[in-house]
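Just run-v1.pdb here, PDB, C-alpha atoms:
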ATOM      1  CA  MET A   1     -29.731  -6.111   7.413  1.00  0.00           C
ATOM      2  CA  VAL A   2     -33.332  -5.271   8.273  1.00  0.00           C
ATOM      3  CA  LEU A   3     -35.164  -3.453  11.052  1.00  0.00           C
ATOM      4  CA  ILE A   4     -38.591  -4.944  11.683  1.00  0.00           C
ATOM      5  CA  ASP A   5     -41.592  -3.424  13.381  1.00  0.00           C
ATOM      6  CA  ASN A   6     -44.191  -5.075  15.571  1.00  0.00           C
ATOM      7  CA  THR A   7     -46.616  -5.707  12.698  1.00  0.00           C
ATOM      8  CA  VAL A   8     -44.083  -7.825  10.820  1.00  0.00           C
ATOM      9  CA  LEU A   9     -42.934  -9.556  13.981  1.00  0.00           C
ATOM     10  CA  SER A  10     -46.480 -10.308  15.139  1.00  0.00           C
ATOM     11  CA  ASN A  11     -47.606 -11.646  11.767  1.00  0.00           C
ATOM     12  CA  PHE A  12     -44.681 -14.051  11.477  1.00  0.00           C
ATOM     13  CA  ALA A  13     -45.102 -15.119  15.111  1.00  0.00           C
ATOM     14  CA  LYS A  14     -48.822 -15.854  14.654  1.00  0.00           C
ATOM     15  CA  VAL A  15     -48.054 -18.341  11.897  1.00  0.00           C
ATOM     16  CA  GLY A  16     -45.059 -19.792  13.731  1.00  0.00           C
ATOM     17  CA  LYS A  17     -42.497 -18.642  11.175  1.00  0.00           C
ATOM     18  CA  THR A  18     -40.240 -16.086  12.882  1.00  0.00           C
ATOM     19  CA  ASP A  19     -37.328 -18.274  11.790  1.00  0.00           C
ATOM     20  CA  LEU A  20     -37.997 -17.258   8.174  1.00  0.00           C
ATOM     21  CA  ILE A  21     -37.068 -13.665   8.979  1.00  0.00           C
ATOM     22  CA  ARG A  22     -33.596 -14.774  10.022  1.00  0.00           C
ATOM     23  CA  LYS A  23     -33.275 -17.089   7.009  1.00  0.00           C
ATOM     24  CA  ILE A  24     -34.076 -14.267   4.594  1.00  0.00           C
ATOM     25  CA  PHE A  25     -31.929 -11.597   6.245  1.00  0.00           C
ATOM     26  CA  ASN A  26     -28.518 -12.144   7.817  1.00  0.00           C
ATOM     27  CA  ARG A  27     -28.899  -9.422  10.439  1.00  0.00           C
ATOM     28  CA  VAL A  28     -32.303  -8.698  11.923  1.00  0.00           C
ATOM     29  CA  TYR A  29     -32.864  -5.804  14.309  1.00  0.00           C
ATOM     30  CA  VAL A  30     -35.762  -4.752  16.520  1.00  0.00           C
ATOM     31  CA  THR A  31     -35.963  -1.776  18.823  1.00  0.00           C
ATOM     32  CA  GLU A  32     -36.578  -2.101  22.541  1.00  0.00           C
ATOM     33  CA  GLN A  33     -39.953  -0.466  21.932  1.00  0.00           C
ATOM     34  CA  VAL A  34     -40.973  -3.125  19.415  1.00  0.00           C
ATOM     35  CA  LEU A  35     -40.022  -5.886  21.847  1.00  0.00           C
ATOM     36  CA  GLU A  36     -41.988  -4.183  24.617  1.00  0.00           C
ATOM     37  CA  GLU A  37     -45.091  -3.936  22.431  1.00  0.00           C
ATOM     38  CA  PHE A  38     -44.722  -7.566  21.331  1.00  0.00           C
ATOM     39  CA  ARG A  39     -44.356  -8.773  24.921  1.00  0.00           C
ATOM     40  CA  ARG A  40     -47.546  -6.912  25.889  1.00  0.00           C
ATOM     41  CA  GLY A  41     -49.327  -8.884  23.168  1.00  0.00           C
ATOM     42  CA  VAL A  42     -47.926 -12.118  24.594  1.00  0.00           C
ATOM     43  CA  LYS A  43     -49.107 -11.155  28.109  1.00  0.00           C
ATOM     44  CA  ARG A  44     -52.593 -10.402  26.776  1.00  0.00           C
ATOM     45  CA  GLY A  45     -52.664 -13.809  25.091  1.00  0.00           C
ATOM     46  CA  VAL A  46     -53.023 -12.454  21.545  1.00  0.00           C
ATOM     47  CA  LEU A  47     -49.494 -13.384  20.463  1.00  0.00           C
ATOM     48  CA  PRO A  48     -47.576 -16.614  20.952  1.00  0.00           C
ATOM     49  CA  ASP A  49     -44.582 -16.645  23.267  1.00  0.00           C
ATOM     50  CA  VAL A  50     -41.849 -17.349  20.734  1.00  0.00           C
ATOM     51  CA  ASN A  51     -38.071 -17.093  20.847  1.00  0.00           C
ATOM     52  CA  LEU A  52     -37.060 -13.749  19.379  1.00  0.00           C
ATOM     53  CA  ASP A  53     -33.402 -14.144  18.544  1.00  0.00           C
ATOM     54  CA  PHE A  54     -32.921 -10.731  16.972  1.00  0.00           C
ATOM     55  CA  GLU A  55     -30.418  -7.998  17.700  1.00  0.00           C
ATOM     56  CA  ILE A  56     -31.790  -5.115  19.783  1.00  0.00           C
ATOM     57  CA  LEU A  57     -31.239  -1.644  18.405  1.00  0.00           C
ATOM     58  CA  LYS A  58     -31.103   1.007  21.136  1.00  0.00           C
ATOM     59  CA  LEU A  59     -32.229   4.494  20.300  1.00  0.00           C
ATOM     60  CA  LYS A  60     -29.852   7.358  21.041  1.00  0.00           C
ATOM     61  CA  GLY A  61     -29.415  11.091  20.454  1.00  0.00           C
ATOM     62  CA  GLU A  62     -31.531  12.376  17.575  1.00  0.00           C
ATOM     63  CA  GLU A  63     -33.363   9.064  17.404  1.00  0.00           C
ATOM     64  CA  ILE A  64     -34.708   9.542  20.935  1.00  0.00           C
ATOM     65  CA  GLU A  65     -35.769  13.098  20.074  1.00  0.00           C
ATOM     66  CA  LEU A  66     -37.687  11.833  17.051  1.00  0.00           C
ATOM     67  CA  TYR A  67     -39.174   9.024  19.126  1.00  0.00           C
ATOM     68  CA  ASP A  68     -40.368  11.517  21.739  1.00  0.00           C
ATOM     69  CA  ALA A  69     -41.804  13.848  19.082  1.00  0.00           C
ATOM     70  CA  LEU A  70     -43.880  11.048  17.552  1.00  0.00           C
ATOM     71  CA  ARG A  71     -44.868   9.344  20.804  1.00  0.00           C
ATOM     72  CA  ASP A  72     -48.446  10.618  20.813  1.00  0.00           C
ATOM     73  CA  LYS A  73     -49.063   9.919  17.128  1.00  0.00           C
ATOM     74  CA  LEU A  74     -47.835   6.359  16.647  1.00  0.00           C
ATOM     75  CA  GLY A  75     -47.800   3.102  18.586  1.00  0.00           C
ATOM     76  CA  LYS A  76     -44.438   2.290  20.178  1.00  0.00           C
ATOM     77  CA  GLY A  77     -43.602  -0.473  17.718  1.00  0.00           C
ATOM     78  CA  LYS A  78     -44.252   1.805  14.729  1.00  0.00           C
ATOM     79  CA  ARG A  79     -42.109   4.738  15.800  1.00  0.00           C
ATOM     80  CA  PRO A  80     -39.203   5.339  13.448  1.00  0.00           C
ATOM     81  CA  VAL A  81     -35.606   4.984  14.456  1.00  0.00           C
TER      82      VAL A  81
END
Would you mind writing the file out in structure tokens?
Amino acid sequence: MVLIDNTVLSNFAKVGKTDLIRKIFNRVYVTEQVLEEFRRGVKRGVLPDVNLDFEILKLKGEEIELYDALRDKLGKGKRPV
């Protein structure tokens, strides 16, 4: 199992190899925030529109508190879970 951030996702997408992430790890997770950041990159035309067949991890409880505390310091896709 692995949780990937937007940097990893973007780099694999740019070279057309997001499928390798799934081949290496059985269970791949991204947060809603990572997907949102990635989709903004697609809209801006800096990232390819690829199929992201990963499980979405939703933040809850303490995770949301930590997310909120770090909101101003880190980009959405880099915020810890």
I need the output of the PyMOL selection byres ((chain A and resi 58) around 8) for this file as a list in words; which residues are they?
Thr31, Glu32, Ile56, Leu57, Leu59 and Lys60 of chain A
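All protein, DNA and RNA residues at most 9 Å from (-39.1, -13.3, 19.5) are Leu9, Ala13, Thr18, Leu35, Phe38, Arg39, Asp49, Val50, Asn51, Leu52, Asp53 and Phe54 of chain A, using only C-alpha atoms.
Relative to CA of Ile4 (chain A), CA of Ile21 (chain A) is found at 9.3 Å.
Separating CA of Glu63 (chain A) from CA of Ser10 (chain A) is a distance of 23.5 Å.
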Please, what distance in Å, to one decimal, runs between CA of Glu62 (chain A) and CA of Asp5 (chain A)?
19.2 Å
Padding of 5 Å on every side, edges along x, y and z, all listed atoms of region 7-26 of chain A included: what centre and edge lengths in Å, to one decimal, does that box have, as lines of an AutoDock Vina configuration file?
center_x = -38.7
center_y = -12.7
center_z = 9.9
size_x = 30.3
size_y = 24.1
size_z = 20.5
Give me the residues within 9 Å of Lys14 (chain A) as a tab-separated table (two decimals) with C-alpha atoms, in the frame of the given file, counting all atoms listed in the file and dropping any in the same chain fewer than 6 places off.
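Result saved to selection_36.tsv:
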chain	number	residue	atom	x	y	z
A	46	VAL	CA	-53.02	-12.45	21.54
A	47	LEU	CA	-49.49	-13.38	20.46
A	48	PRO	CA	-47.58	-16.61	20.95
Translate the PyMOL selection byres ((chain A and resi 28) around 6) into a concrete residue list for this structure, as a PyMOL selection string.
chain A and resi 1-2+27+29+54
